[in-house]
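Source file: model.cif; contents: mmCIF, C-alpha atoms.
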data_coords
loop_
_atom_site.label_atom_id
_atom_site.label_comp_id
_atom_site.auth_asym_id
_atom_site.auth_seq_id
_atom_site.Cartn_x
_atom_site.Cartn_y
_atom_site.Cartn_z
CA MET K 1 -5.35 35.42 65.88
CA ARG K 2 -6.49 37.97 63.28
CA ILE K 3 -3.96 38.99 60.61
CA LEU K 4 -4.40 41.80 58.09
CA ILE K 5 -2.24 41.79 54.96
CA GLU K 6 -1.92 44.57 52.40
CA LEU K 7 -0.87 43.03 49.10
CA PRO K 8 1.24 44.63 46.36
CA SER K 9 -0.83 46.20 43.60
CA TRP K 10 0.58 44.19 40.69
CA LEU K 11 -0.48 40.61 40.01
CA GLY K 12 3.05 39.24 39.74
CA ASP K 13 4.21 40.91 42.94
CA ALA K 14 1.15 39.61 44.77
CA VAL K 15 1.91 36.06 43.63
CA MET K 16 5.51 36.48 44.80
CA THR K 17 4.27 37.20 48.34
CA SER K 18 2.60 33.78 48.50
CA PRO K 19 5.55 31.89 50.09
CA ALA K 20 5.78 34.55 52.81
CA ILE K 21 2.02 34.39 53.38
CA GLU K 22 2.18 30.60 53.47
CA ASN K 23 4.89 30.73 56.14
CA LEU K 24 2.82 33.25 58.08
CA ALA K 25 -0.28 31.06 57.82
CA ASN K 26 1.60 27.93 58.89
CA TYR K 27 3.25 29.70 61.82
CA PHE K 28 -0.17 30.87 63.05
CA ASN K 29 -2.03 27.83 61.76
CA LYS K 30 -5.46 28.87 63.05
CA ALA K 31 -5.18 32.51 62.09
CA GLU K 32 -7.93 34.31 60.22
CA ILE K 33 -6.36 36.30 57.39
CA THR K 34 -7.91 39.36 55.77
CA LEU K 35 -6.43 40.63 52.49
CA ILE K 36 -6.60 44.21 51.23
CA GLY K 37 -5.14 45.52 48.00
CA SER K 38 -5.90 46.05 44.33
CA PHE K 39 -8.67 44.07 42.69
CA VAL K 40 -6.29 41.81 40.75
CA SER K 41 -4.02 41.00 43.70
CA SER K 42 -6.94 40.29 46.03
CA GLU K 43 -8.65 38.10 43.44
CA ALA K 44 -5.48 36.11 42.83
CA LEU K 45 -4.94 35.14 46.47
CA LYS K 46 -8.48 35.14 47.90
CA ASN K 47 -8.90 31.35 47.76
CA HIS K 48 -6.25 30.65 50.39
CA PRO K 49 -7.95 28.40 53.01
CA GLN K 50 -7.15 30.80 55.87
CA VAL K 51 -8.40 33.92 54.09
CA VAL K 52 -11.74 34.96 55.55
CA ALA K 53 -12.23 38.27 53.72
CA THR K 54 -10.81 40.50 50.99
CA HIS K 55 -11.25 44.22 50.42
CA VAL K 56 -10.26 46.33 47.43
CA ILE K 57 -8.51 49.55 48.42
CA ASN K 58 -9.66 52.91 47.17
CA LYS K 59 -6.75 55.34 46.79
CA ARG K 60 -8.48 58.30 48.47
CA ILE K 61 -7.22 59.00 51.99
CA ILE K 62 -10.73 59.32 53.41
CA SER K 63 -11.59 55.93 51.91
CA LEU K 64 -8.54 54.39 53.62
CA TYR K 65 -9.73 55.78 56.95
CA ILE K 66 -13.26 54.46 56.44
CA LEU K 67 -11.94 51.03 55.47
CA ALA K 68 -9.62 50.88 58.49
CA ARG K 69 -12.51 51.66 60.85
CA LYS K 70 -14.68 49.05 59.10
CA LEU K 71 -12.05 46.34 59.40
CA GLY K 72 -11.79 46.52 63.19
CA LYS K 73 -8.91 45.29 65.33
CA PHE K 74 -6.13 42.88 64.38
CA ASP K 75 -3.26 41.16 66.12
CA LEU K 76 -0.86 41.64 63.19
CA PHE K 77 -0.73 43.91 60.17
CA PHE K 78 1.76 43.31 57.37
CA SER K 79 1.93 45.68 54.41
CA PHE K 80 3.91 44.44 51.42
CA ARG K 81 3.87 47.96 49.96
CA ASN K 82 6.21 50.83 50.78
CA SER K 83 4.20 53.67 49.25
CA PHE K 84 3.17 56.88 51.01
CA ARG K 85 -0.46 55.78 50.81
CA SER K 86 0.39 52.55 52.61
CA THR K 87 2.21 54.52 55.31
CA ILE K 88 -0.97 56.54 55.88
CA LEU K 89 -3.05 53.35 55.89
CA LYS K 90 -0.74 51.85 58.51
CA LEU K 91 -1.50 54.79 60.82
CA PHE K 92 -5.24 54.17 60.44
CA ILE K 93 -5.14 50.40 60.99
CA SER K 94 -5.91 49.16 64.51
CA SER K 95 -3.45 46.37 65.24
CA LYS K 96 -1.23 45.30 68.13
CA ASP K 97 1.78 45.03 65.82
CA LYS K 98 2.18 46.71 62.43
CA PHE K 99 4.94 46.18 59.87
CA GLN K 100 5.55 47.81 56.48
CA PHE K 101 7.84 46.49 53.76
CA ASP K 102 10.90 48.58 52.94
CA GLY K 103 12.58 47.29 49.79
CA SER K 104 15.81 49.16 50.52
CA ARG K 105 16.45 46.84 53.48
CA TYR K 106 16.50 43.73 51.30
CA GLN K 107 19.03 43.84 48.48
CA ASN K 108 20.68 41.36 46.11
CA ARG K 109 18.07 38.63 46.32
CA HIS K 110 14.93 37.49 44.55
CA GLN K 111 11.74 39.44 45.20
CA VAL K 112 10.21 36.32 46.78
CA GLU K 113 13.08 36.22 49.27
CA LYS K 114 12.68 39.93 50.00
CA TYR K 115 9.04 39.46 50.96
CA ASN K 116 9.76 36.31 52.96
CA ASP K 117 12.69 37.87 54.82
CA PHE K 118 10.48 40.85 55.69
CA VAL K 119 7.95 38.57 57.41
CA CYS K 120 10.53 36.34 59.09
CA GLU K 121 12.60 39.26 60.39
CA ASN K 122 9.62 40.90 62.05
CA LEU K 123 8.36 37.66 63.59
CA ASP K 124 11.90 36.66 64.61
CA ILE K 125 11.60 33.30 62.86
CA ASN K 126 13.80 31.52 60.34
CA LEU K 127 11.74 29.96 57.56
CA LEU K 128 12.87 29.59 53.95
CA ALA K 129 10.69 30.76 51.11
CA GLY K 130 8.91 27.79 49.57
CA LYS K 131 7.20 27.53 46.22
CA LEU K 132 4.68 30.02 44.89
CA ILE K 133 1.20 28.92 45.89
CA VAL K 134 -1.99 30.11 44.22
CA TYR K 135 -5.23 28.34 45.09
CA PRO K 136 -7.50 28.08 42.05
CA ASN K 137 -11.26 28.43 42.27
CA SER K 138 -12.51 24.86 42.08
CA LYS K 139 -15.62 25.73 40.08
CA PHE K 140 -13.41 26.72 37.12
CA LEU K 141 -11.24 23.60 37.16
CA THR K 142 -11.12 22.00 33.72
CA SER K 143 -8.44 20.44 31.56
CA ASN K 144 -7.58 20.93 27.92
CA THR K 145 -8.32 17.99 25.61
CA LYS K 146 -5.25 18.67 23.44
CA PRO K 147 -1.74 19.92 24.24
CA THR K 148 -2.08 23.67 24.64
CA VAL K 149 0.41 26.52 24.51
CA GLY K 150 -0.35 29.88 26.06
CA ILE K 151 0.94 33.05 24.40
CA ASN K 152 1.16 36.07 26.70
CA PRO K 153 2.58 39.11 24.89
CA GLY K 154 1.73 41.81 27.42
CA ALA K 155 3.64 43.17 30.39
CA SER K 156 3.12 46.09 32.73
CA TYR K 157 5.12 49.32 32.35
CA GLY K 158 4.74 49.39 28.58
CA ASN K 159 6.71 48.39 25.54
CA SER K 160 10.16 48.22 27.13
CA LYS K 161 9.30 44.84 28.69
CA ARG K 162 7.48 43.44 25.67
CA TRP K 163 8.67 41.16 22.90
CA TYR K 164 7.36 41.95 19.40
CA PRO K 165 3.90 40.64 18.44
CA GLN K 166 5.40 39.37 15.18
CA LYS K 167 7.81 37.18 17.15
CA PHE K 168 5.06 35.72 19.32
CA ALA K 169 3.01 35.03 16.19
CA GLN K 170 5.98 33.36 14.48
CA VAL K 171 6.51 31.04 17.46
CA ALA K 172 2.79 30.28 17.72
CA THR K 173 2.67 29.43 14.03
CA GLU K 174 5.64 27.08 14.35
CA LEU K 175 3.96 25.30 17.29
CA SER K 176 0.44 25.18 15.85
CA ASN K 177 0.89 21.66 14.40
CA LYS K 178 1.52 20.26 17.89
CA PHE K 179 -0.43 22.61 20.15
CA ASP K 180 -3.71 24.43 20.31
CA ILE K 181 -3.04 28.10 21.06
CA LEU K 182 -4.49 30.41 23.71
CA ILE K 183 -3.63 34.11 23.49
CA PHE K 184 -3.76 35.92 26.83
CA GLY K 185 -3.83 39.58 27.75
CA SER K 186 -5.59 42.22 29.80
CA VAL K 187 -8.16 44.65 28.44
CA ASP K 188 -5.32 47.11 27.83
CA GLU K 189 -3.44 44.48 25.82
CA LYS K 190 -6.22 43.54 23.39
CA ASN K 191 -4.55 45.44 20.54
CA ILE K 192 -1.35 43.40 20.88
CA ALA K 193 -3.33 40.16 21.02
CA THR K 194 -5.33 41.21 17.97
CA ASP K 195 -2.10 41.89 16.05
CA ILE K 196 -0.96 38.34 16.84
CA GLU K 197 -4.34 36.93 15.84
CA LYS K 198 -4.20 38.68 12.46
CA LEU K 199 -0.76 37.23 11.80
CA LEU K 200 -1.94 33.73 12.73
CA ILE K 201 -4.83 34.07 10.27
CA GLU K 202 -2.38 35.21 7.58
CA ASN K 203 -0.36 32.06 8.30
CA ASN K 204 -3.49 29.87 7.98
CA VAL K 205 -3.51 28.98 11.67
CA SER K 206 -7.04 28.34 12.92
CA ASN K 207 -6.62 26.31 16.13
CA TYR K 208 -6.36 29.30 18.45
CA GLN K 209 -8.50 31.31 20.86
CA ASN K 210 -7.92 34.97 21.62
CA LEU K 211 -8.82 35.38 25.31
CA ALA K 212 -7.32 38.85 25.77
CA GLY K 213 -9.62 41.00 27.87
CA ASN K 214 -12.15 38.19 28.25
CA THR K 215 -11.08 36.32 31.39
CA THR K 216 -11.63 36.98 35.05
CA ILE K 217 -8.63 36.53 37.35
CA SER K 218 -10.03 33.16 38.45
CA GLU K 219 -10.48 32.07 34.84
CA LEU K 220 -6.97 33.25 33.97
CA ILE K 221 -5.54 31.21 36.85
CA ASN K 222 -7.48 28.14 35.71
CA GLN K 223 -6.46 28.47 32.09
CA ILE K 224 -2.77 28.93 32.90
CA SER K 225 -2.76 26.04 35.38
CA ASN K 226 -3.85 23.68 32.60
CA LEU K 227 -1.29 24.71 29.98
CA ASP K 228 1.32 22.34 28.59
CA LEU K 229 3.62 25.23 27.62
CA PHE K 230 3.63 28.96 28.32
CA ILE K 231 5.47 31.62 26.31
CA THR K 232 5.43 34.98 28.01
CA GLY K 233 7.17 38.21 28.82
CA ASP K 234 8.13 39.31 32.33
CA SER K 235 4.60 39.59 33.69
CA GLY K 236 2.08 38.64 36.34
CA PRO K 237 0.83 35.62 34.38
CA MET K 238 4.45 34.41 34.21
CA HIS K 239 4.44 34.11 38.01
CA LEU K 240 1.06 32.38 37.95
CA ALA K 241 2.58 29.79 35.60
CA ALA K 242 5.48 29.32 38.01
CA SER K 243 3.07 28.59 40.86
CA PHE K 244 1.70 25.63 38.86
CA GLU K 245 5.15 24.65 37.52
CA VAL K 246 3.99 25.02 33.93
CA PRO K 247 6.84 24.56 31.39
CA THR K 248 7.65 28.16 30.53
CA VAL K 249 9.78 30.23 28.20
CA ALA K 250 10.00 33.78 29.53
CA ILE K 251 11.43 36.57 27.39
CA PHE K 252 13.07 39.28 29.53
CA GLY K 253 13.91 42.78 28.44
CA PRO K 254 15.59 45.52 30.51
CA THR K 255 14.58 44.20 33.93
CA ARG K 256 16.38 42.43 36.76
CA ASN K 257 15.67 38.84 35.88
CA LYS K 258 17.59 37.61 38.94
CA GLU K 259 15.02 39.38 41.13
CA THR K 260 11.81 38.72 39.23
CA SER K 261 12.34 35.53 37.23
CA GLN K 262 10.11 32.52 37.84
CA TRP K 263 10.63 31.30 41.39
CA MET K 264 11.30 27.57 41.91
CA ASN K 265 9.96 26.41 38.56
CA ASP K 266 12.38 23.76 37.27
CA LYS K 267 10.50 23.62 33.97
#

Whole structure given in C-alpha cells:
Amino acid sequence: MRILIELPSWLGDAVMTSPAIENLANYFNKAEITLIGSFVSSEALKNHPQVVATHVINKRIISLYILARKLGKFDLFFSFRNSFRSTILKLFISSKDKFQFDGSRYQNRHQVEKYNDFVCENLDINLLAGKLIVYPNSKFLTSNTKPTVGINPGASYGNSKRWYPQKFAQVATELSNKFDILIFGSVDEKNIATDIEKLLIENNVSNYQNLAGNTTISELINQISNLDLFITGDSGPMHLAASFEVPTVAIFGPTRNKETSQWMNDK
C-alpha cells in the first residue's frame, strides 16, 4: 500500500493533521507514506516511522506536473489543502483513489477534527482523533539542565494575532528568577525577538538565549519538547508544544480559538 499525502502549508496546520495521519497509518499498518508540501510542514512530520519520502512542492504548475510524474503510482492520495493549485495537483497525481479536503464540509469543530473526519469519511471508518503526534529527530534529543520557559512572540498573518513584545518581555522578566529563557521566532520574526531581548537587557536579565531565526525545524521541535513552560501566541510552535504536552499559556487575538486552540493538552 502506497499513500501520498499533501500537507497544509503552515506548520500549525500540518501538526494538526497528525492525528488523522496516525489513524491512516494504523489502519494501513504496513503502508509506505510519502509526504509533499511546504518545507516547514514536510520537515515537521518527516520522522514518522511509516514515512519513506518527503518532497517540497514548487508552486509553478509545470513543476507540479514534473513532481507528479516523478512520484509514480499510489493506492491513495489525500490532500489536506483546498487550494486551486492542489486541485490541479490532484489531476496530475496517479492514484487509484484521490481525495481533497474541503473545509466547508466540516463546520463547528476543531481543525484537528475536521482533518480527521475528512480521512475517516473517505475511508468509511469511524476513528476518533487522538493526540497530536510529532516524532522528533533523535540526534537532536537533549534536555535542559535548569527549568526553562520558551517565549514565542510571533504568529503568521501579521500583527493582528500577536501580543505586544513589551508584554512578553515583562512576563519573561518576572519569570527569570525561576526559569532560564529561550526566545523563539522565524527569520521574519527576528525584529520582534530583538525588541524583547533589548527589554530583558534593560531589566538586567541575562539568563536568556535569543534563538529567533537560528533553529532548523528539527531543532525547534527538540527545543520545544524540552521546555518546562511555553508562552506563545496562536502559532505553529503552539501546536508543537501541544504535541509534547508542554505546560502552555497561549494568548489568542481575533481568531477562532475553539477551532485552533491546543488540541488535547491538559496542561

Practice problem: List the residues selected by the PyMOL selection byres ((chain K and resi 57) around 9) in the file shown, writing them as a PyMOL selection string. | Solution: chain K and resi 36-39+55-56+58-60+63-64+67

Sort by chain and increasing residue number a table of all residues of region 163-246 of chain K within 9 Å of region 111-133 of chain K, each with its closest pair of atoms and their distance in Å to one decimal, counting only C-alpha atoms, and write it as JSON lines.
{"residue": "K:His239", "atom": "CA", "partner": "K:Leu132", "partner_atom": "CA", "distance": 8.0}
{"residue": "K:Leu240", "atom": "CA", "partner": "K:Leu132", "partner_atom": "CA", "distance": 8.2}
{"residue": "K:Ala242", "atom": "CA", "partner": "K:Leu132", "partner_atom": "CA", "distance": 7.0}
{"residue": "K:Ser243", "atom": "CA", "partner": "K:Leu132", "partner_atom": "CA", "distance": 4.6}
{"residue": "K:Phe244", "atom": "CA", "partner": "K:Ile133", "partner_atom": "CA", "distance": 7.8}

The selected residues should be written to file as a PDB file, in the coordinates of the input (atoms: C-alpha atoms).
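selection.pdb written:
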ATOM      1  CA  HIS K 239       4.440  34.110  38.010  1.00  0.00           C
ATOM      2  CA  LEU K 240       1.060  32.380  37.950  1.00  0.00           C
ATOM      3  CA  ALA K 242       5.480  29.320  38.010  1.00  0.00           C
ATOM      4  CA  SER K 243       3.070  28.590  40.860  1.00  0.00           C
ATOM      5  CA  PHE K 244       1.700  25.630  38.860  1.00  0.00           C
TER       6      PHE K 244
END

Practice problem: Skip region 225-229 of chain K itself and residues of its chain fewer than 6 positions away, then list as a PyMOL selection string all residues within 10 Å of it, counting all atoms listed in the file. | Solution: chain K and resi 134+136+141-144+146-151+179-182+219+240-249+267

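Between CA of Leu7 (chain K) and CA of Leu45 (chain K) the interatomic distance comes to 9.3 Å.
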
Self-check item: Which residue of K:Glu189, K:Asn203, K:Ile61, K:Ala155 approaches Thr173 (chain K) most closely, using only C-alpha atoms
Solution: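 Answer, going by the shortest atom-to-atom distance: K:Asn203.
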
The PyMOL selection byres ((chain K and resi 48) around 12) resolved against shown file, as a tab-separated table (two decimals) with C-alpha atoms, in the coordinates of the input:
chain	number	residue	atom	x	y	z
K	15	VAL	CA	1.91	36.06	43.63
K	18	SER	CA	2.60	33.78	48.50
K	19	PRO	CA	5.55	31.89	50.09
K	21	ILE	CA	2.02	34.39	53.38
K	22	GLU	CA	2.18	30.60	53.47
K	25	ALA	CA	-0.28	31.06	57.82
K	26	ASN	CA	1.60	27.93	58.89
K	31	ALA	CA	-5.18	32.51	62.09
K	32	GLU	CA	-7.93	34.31	60.22
K	33	ILE	CA	-6.36	36.30	57.39
K	34	THR	CA	-7.91	39.36	55.77
K	35	LEU	CA	-6.43	40.63	52.49
K	42	SER	CA	-6.94	40.29	46.03
K	43	GLU	CA	-8.65	38.10	43.44
K	44	ALA	CA	-5.48	36.11	42.83
K	45	LEU	CA	-4.94	35.14	46.47
K	46	LYS	CA	-8.48	35.14	47.90
K	47	ASN	CA	-8.90	31.35	47.76
K	49	PRO	CA	-7.95	28.40	53.01
K	50	GLN	CA	-7.15	30.80	55.87
K	51	VAL	CA	-8.40	33.92	54.09
K	52	VAL	CA	-11.74	34.96	55.55
K	53	ALA	CA	-12.23	38.27	53.72
K	54	THR	CA	-10.81	40.50	50.99
K	133	ILE	CA	1.20	28.92	45.89
K	134	VAL	CA	-1.99	30.11	44.22
K	135	TYR	CA	-5.23	28.34	45.09
K	136	PRO	CA	-7.50	28.08	42.05
K	137	ASN	CA	-11.26	28.43	42.27
K	138	SER	CA	-12.51	24.86	42.08

Exercise. For region 77-93 of chain K, please output as a ChimeraX atom specification all residues within 9 Å (counting only C-alpha atoms; exclusion window: fewer than 3 positions along the same chain).
Key: /K:2-9,14,17,59-61,64-69,71-74,96-103,115,118-119

Quiz prompt | Gap from CA of Ile183 (chain K) to CA of Glu202 (chain K) - Å, one decimal | solution = 16.0 Å

Quiz prompt | Residues selected by the PyMOL selection byres ((chain K and resi 11) around 6), written as a list in words | solution =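 When the PyMOL selection byres ((chain K and resi 11) around 6) is applied to the shown file, the picked residues are Trp10, Gly12, Asp13, Ala14, Val40, Ser41 and Gly236 of chain K.
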
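Counting from CA of Arg109 (chain K), the distance to CA of Gly185 (chain K) is 28.7 Å.
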